[in-house]
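As structure tokens, the structure follows; a few thoughts come after it.
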Amino acid sequence: MPRLMPDTGPQRVLAASNFVHAVGSGLYLTAGVLYFTEAVHLPAGQVGLGLGIAGLLALALGVAVGHLADRHGARGVYAAALVVQALATACFVLADGFRPFVLAVCAAAAAKAAGIAVRLRRSSGTTEATGRRNSGPTCVP
């Protein structure tokens, strides 16, 4: 039977980070929809439309942020993405209508996609400039 966690080192940290990320994403998606429909009183259709817009923006932004991480370093870009994601998520409590909701959720989704793109690019171990593998999978933080 395969083990769920690597023994030690950066691979273990990355596996634990991915687990926490997956659980947090599931909670965020569920609680976010409930919050915006019940507390903010947005219709479910508007919440779905806003999340769809945010998802499309996040898809488009992921590639650009991967290139940015290649030029300026993954660690700094990842830290900036985490800060933007935290601030955008904190802005959810300020969203009192459809437009502020869309702005907040787009910023949060774009920052989340940026962080994922940087983590994936960093853990793949390749660099775009050379096309060669780095020393191996590493953890950004």
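We name chains A, B, ... following the order of the structure tokens; residues begin at 1 in each chain, and ligands are numbered from 1 as shown.
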
Next on the checklist: When DSSP is applied to the backbone of this structure, which of region 13-47 of chain A are assigned alpha helix (DSSP H)? Write them out as number ranges by chain.
Outcome noted: A: 13-34, 44-47

For the residues in that selection, give me N, CA, C and O atoms as an mmCIF file, in the first residue's frame.
data_model
loop_
_atom_site.group_PDB
_atom_site.id
_atom_site.type_symbol
_atom_site.label_atom_id
_atom_site.label_comp_id
_atom_site.auth_asym_id
_atom_site.auth_seq_id
_atom_site.Cartn_x
_atom_site.Cartn_y
_atom_site.Cartn_z
ATOM 1 N N VAL A 13 6.818 18.754 3.172
ATOM 2 C CA VAL A 13 6.238 20.082 3.366
ATOM 3 C C VAL A 13 5.284 20.409 2.217
ATOM 4 O O VAL A 13 4.186 20.920 2.429
ATOM 5 N N LEU A 14 5.696 20.105 0.991
ATOM 6 C CA LEU A 14 4.852 20.357 -0.168
ATOM 7 C C LEU A 14 3.583 19.514 -0.132
ATOM 8 O O LEU A 14 2.493 20.004 -0.449
ATOM 9 N N ALA A 15 3.687 18.250 0.268
ATOM 10 C CA ALA A 15 2.504 17.389 0.372
ATOM 11 C C ALA A 15 1.543 17.914 1.432
ATOM 12 O O ALA A 15 0.322 17.959 1.214
ATOM 13 N N ALA A 16 2.063 18.318 2.575
ATOM 14 C CA ALA A 16 1.212 18.874 3.630
ATOM 15 C C ALA A 16 0.571 20.177 3.173
ATOM 16 O O ALA A 16 -0.619 20.431 3.423
ATOM 17 N N SER A 17 1.339 21.002 2.489
ATOM 18 C CA SER A 17 0.811 22.262 1.965
ATOM 19 C C SER A 17 -0.314 22.015 0.968
ATOM 20 O O SER A 17 -1.341 22.701 0.990
ATOM 21 N N ASN A 18 -0.149 21.040 0.093
ATOM 22 C CA ASN A 18 -1.195 20.720 -0.877
ATOM 23 C C ASN A 18 -2.444 20.185 -0.199
ATOM 24 O O ASN A 18 -3.567 20.479 -0.626
ATOM 25 N N PHE A 19 -2.283 19.412 0.865
ATOM 26 C CA PHE A 19 -3.433 18.907 1.606
ATOM 27 C C PHE A 19 -4.223 20.051 2.241
ATOM 28 O O PHE A 19 -5.438 20.131 2.114
ATOM 29 N N VAL A 20 -3.513 20.947 2.907
ATOM 30 C CA VAL A 20 -4.164 22.093 3.539
ATOM 31 C C VAL A 20 -4.844 22.964 2.485
ATOM 32 O O VAL A 20 -5.956 23.443 2.674
ATOM 33 N N HIS A 21 -4.184 23.136 1.361
ATOM 34 C CA HIS A 21 -4.743 23.931 0.266
ATOM 35 C C HIS A 21 -6.040 23.310 -0.261
ATOM 36 O O HIS A 21 -7.024 24.012 -0.506
ATOM 37 N N ALA A 22 -6.057 22.000 -0.430
ATOM 38 C CA ALA A 22 -7.246 21.320 -0.945
ATOM 39 C C ALA A 22 -8.409 21.428 0.038
ATOM 40 O O ALA A 22 -9.551 21.700 -0.362
ATOM 41 N N VAL A 23 -8.149 21.217 1.312
ATOM 42 C CA VAL A 23 -9.210 21.327 2.326
ATOM 43 C C VAL A 23 -9.724 22.765 2.393
ATOM 44 O O VAL A 23 -10.928 23.018 2.408
ATOM 45 N N GLY A 24 -8.803 23.718 2.405
ATOM 46 C CA GLY A 24 -9.193 25.122 2.457
ATOM 47 C C GLY A 24 -9.997 25.547 1.245
ATOM 48 O O GLY A 24 -10.965 26.307 1.368
ATOM 49 N N SER A 25 -9.627 25.070 0.071
ATOM 50 C CA SER A 25 -10.371 25.411 -1.141
ATOM 51 C C SER A 25 -11.794 24.875 -1.087
ATOM 52 O O SER A 25 -12.741 25.567 -1.470
ATOM 53 N N GLY A 26 -11.948 23.670 -0.616
ATOM 54 C CA GLY A 26 -13.291 23.095 -0.493
ATOM 55 C C GLY A 26 -14.150 23.868 0.489
ATOM 56 O O GLY A 26 -15.332 24.143 0.229
ATOM 57 N N LEU A 27 -13.568 24.235 1.617
ATOM 58 C CA LEU A 27 -14.312 25.028 2.597
ATOM 59 C C LEU A 27 -14.646 26.415 2.054
ATOM 60 O O LEU A 27 -15.748 26.923 2.264
ATOM 61 N N TYR A 28 -13.695 27.018 1.370
ATOM 62 C CA TYR A 28 -13.906 28.353 0.801
ATOM 63 C C TYR A 28 -15.049 28.348 -0.209
ATOM 64 O O TYR A 28 -15.917 29.222 -0.188
ATOM 65 N N LEU A 29 -15.052 27.377 -1.114
ATOM 66 C CA LEU A 29 -16.090 27.339 -2.136
ATOM 67 C C LEU A 29 -17.472 27.152 -1.525
ATOM 68 O O LEU A 29 -18.432 27.820 -1.899
ATOM 69 N N THR A 30 -17.580 26.264 -0.568
ATOM 70 C CA THR A 30 -18.867 26.014 0.074
ATOM 71 C C THR A 30 -19.318 27.196 0.911
ATOM 72 O O THR A 30 -20.434 27.697 0.761
ATOM 73 N N ALA A 31 -18.461 27.651 1.798
ATOM 74 C CA ALA A 31 -18.828 28.747 2.693
ATOM 75 C C ALA A 31 -19.006 30.056 1.931
ATOM 76 O O ALA A 31 -19.869 30.869 2.291
ATOM 77 N N GLY A 32 -18.220 30.271 0.880
ATOM 78 C CA GLY A 32 -18.335 31.503 0.110
ATOM 79 C C GLY A 32 -19.680 31.643 -0.562
ATOM 80 O O GLY A 32 -20.307 32.711 -0.518
ATOM 81 N N VAL A 33 -20.153 30.582 -1.177
ATOM 82 C CA VAL A 33 -21.465 30.628 -1.827
ATOM 83 C C VAL A 33 -22.557 30.865 -0.781
ATOM 84 O O VAL A 33 -23.452 31.698 -0.989
ATOM 85 N N LEU A 34 -22.479 30.168 0.333
ATOM 86 C CA LEU A 34 -23.476 30.379 1.386
ATOM 87 C C LEU A 34 -23.428 31.798 1.937
ATOM 88 O O LEU A 34 -24.460 32.423 2.170
ATOM 89 N N ALA A 44 -28.505 33.563 -6.302
ATOM 90 C CA ALA A 44 -27.573 32.481 -6.641
ATOM 91 C C ALA A 44 -27.032 32.630 -8.058
ATOM 92 O O ALA A 44 -25.862 32.316 -8.316
ATOM 93 N N GLY A 45 -27.835 33.125 -8.974
ATOM 94 C CA GLY A 45 -27.382 33.328 -10.346
ATOM 95 C C GLY A 45 -26.251 34.342 -10.435
ATOM 96 O O GLY A 45 -25.298 34.168 -11.190
ATOM 97 N N GLN A 46 -26.351 35.420 -9.648
ATOM 98 C CA GLN A 46 -25.291 36.424 -9.638
ATOM 99 C C GLN A 46 -24.018 35.880 -9.000
ATOM 100 O O GLN A 46 -22.912 36.181 -9.457
ATOM 101 N N VAL A 47 -24.166 35.089 -7.963
ATOM 102 C CA VAL A 47 -22.990 34.485 -7.338
ATOM 103 C C VAL A 47 -22.306 33.548 -8.327
ATOM 104 O O VAL A 47 -21.083 33.578 -8.493
#

Which residues, written as a JSON list (two decimals) with N, CA and C atoms, in the first residue's frame, have at least one atom at most 12 Å from Val63 (chain A), with only C-alpha atoms counted and residues fewer than 5 positions away on the same chain left out?
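The file below, result.json, is the result:
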[["chain", "number", "residue", "atom", "x", "y", "z"],
["A", 57, "LEU", "N", -10.94, 34.76, -15.51],
["A", 57, "LEU", "CA", -9.80, 35.64, -15.27],
["A", 57, "LEU", "C", -8.62, 34.87, -14.70],
["A", 58, "ALA", "N", -8.90, 33.98, -13.77],
["A", 58, "ALA", "CA", -7.83, 33.19, -13.15],
["A", 58, "ALA", "C", -7.13, 32.30, -14.18],
["A", 68, "LEU", "N", 6.20, 35.66, -15.18],
["A", 68, "LEU", "CA", 6.69, 36.65, -14.22],
["A", 68, "LEU", "C", 7.58, 36.00, -13.16],
["A", 69, "ALA", "N", 7.19, 34.83, -12.71],
["A", 69, "ALA", "CA", 7.99, 34.11, -11.72],
["A", 69, "ALA", "C", 9.34, 33.69, -12.30],
["A", 70, "ASP", "N", 9.37, 33.36, -13.58],
["A", 70, "ASP", "CA", 10.65, 33.03, -14.22],
["A", 70, "ASP", "C", 11.59, 34.22, -14.24],
["A", 110, "ALA", "N", -7.81, 35.38, -8.94],
["A", 110, "ALA", "CA", -6.61, 35.64, -9.73],
["A", 110, "ALA", "C", -5.35, 35.42, -8.90],
["A", 113, "ALA", "N", -4.89, 31.66, -8.36],
["A", 113, "ALA", "CA", -4.36, 31.03, -9.57],
["A", 113, "ALA", "C", -2.89, 31.38, -9.77],
["A", 114, "ALA", "N", -2.54, 32.61, -9.45],
["A", 114, "ALA", "CA", -1.14, 33.03, -9.56],
["A", 114, "ALA", "C", -0.26, 32.21, -8.62],
["A", 115, "GLY", "N", -0.72, 32.02, -7.39],
["A", 115, "GLY", "CA", 0.04, 31.22, -6.44],
["A", 115, "GLY", "C", 0.19, 29.78, -6.89],
["A", 116, "ILE", "N", -0.87, 29.23, -7.43],
["A", 116, "ILE", "CA", -0.82, 27.84, -7.92],
["A", 116, "ILE", "C", 0.15, 27.74, -9.10],
["A", 117, "ALA", "N", 0.09, 28.71, -10.02],
["A", 117, "ALA", "CA", 0.98, 28.67, -11.18],
["A", 117, "ALA", "C", 2.44, 28.73, -10.75],
["A", 118, "VAL", "N", 2.73, 29.59, -9.77],
["A", 118, "VAL", "CA", 4.12, 29.70, -9.30],
["A", 118, "VAL", "C", 4.55, 28.41, -8.60],
["A", 120, "LEU", "N", 3.40, 25.37, -9.05],
["A", 120, "LEU", "CA", 3.55, 24.29, -10.03],
["A", 120, "LEU", "C", 4.81, 24.48, -10.86],
["A", 121, "ARG", "N", 5.06, 25.71, -11.28],
["A", 121, "ARG", "CA", 6.27, 25.97, -12.07],
["A", 121, "ARG", "C", 7.51, 25.68, -11.23]]

Identify, on the basis of only C-alpha atoms, every residue whose closest approach to region 83-87 of chain A does not exceed 8 Å; exclude the query and any residue fewer than 3 positions from it along the same chain; express the result as a CSV table (one decimal) with N, CA and C atoms, in the first residue's frame.
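Contents of the output file part_36.csv:
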chain,number,residue,atom,x,y,z
A,79,ALA,N,4.9,35.1,-2.7
A,79,ALA,CA,4.6,35.9,-1.5
A,79,ALA,C,3.6,37.0,-1.8
A,80,ALA,N,3.8,37.7,-2.9
A,80,ALA,CA,2.9,38.7,-3.4
A,80,ALA,C,1.5,38.2,-3.7
A,90,ALA,N,-10.2,39.2,2.5
A,90,ALA,CA,-10.7,40.1,3.6
A,90,ALA,C,-11.7,41.1,3.1
A,91,CYS,N,-11.6,41.5,1.8
A,91,CYS,CA,-12.6,42.4,1.2
A,91,CYS,C,-14.0,41.8,1.0
A,107,ALA,N,-10.3,39.3,-7.8
A,107,ALA,CA,-8.9,39.5,-7.2
A,107,ALA,C,-8.5,38.3,-6.4
A,108,ALA,N,-9.4,37.7,-5.6
A,108,ALA,CA,-9.0,36.5,-4.8
A,108,ALA,C,-8.7,35.3,-5.7
A,109,ALA,N,-9.5,35.1,-6.7
A,109,ALA,CA,-9.3,34.0,-7.6
A,109,ALA,C,-8.1,34.2,-8.5
A,110,ALA,N,-7.8,35.4,-8.9
A,110,ALA,CA,-6.6,35.6,-9.7
A,110,ALA,C,-5.4,35.4,-8.9
A,111,ALA,N,-5.4,35.9,-7.7
A,111,ALA,CA,-4.2,35.7,-6.8
A,111,ALA,C,-4.0,34.2,-6.4
A,112,LYS,N,-5.1,33.5,-6.3
A,112,LYS,CA,-5.0,32.1,-6.0
A,112,LYS,C,-4.4,31.3,-7.2

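Comparing the minimum interatomic distances between Leu51 (chain A) and each of A:Ala88, A:Arg119, A:Val77, A:Ala104, counting only C-alpha atoms, we find that A:Ala104 sits nearest.
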
Next on the checklist: So that I can check the surroundings of Pro43 (chain A), please list as a list in words every protein, DNA and RNA residue that reaches within 12 Å of it, counting only C-alpha atoms and ignoring chain neighbours fewer than 4 positions away.
Outcome noted: Val33, Leu34, Tyr35, Phe36, Thr37, Glu38, Ala39, Val47, Gly48, Leu49, Gly50, Gly97, Phe98 and Phe101 of chain A

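Shortest atom-to-atom contact with Thr89 (chain A) among A:Ala74, A:Ala64, A:Leu59, A:Cys106: A:Cys106, counting only C-alpha atoms.
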
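CA of Pro100 (chain A) lies 17.5 Å from CA of Leu56 (chain A).
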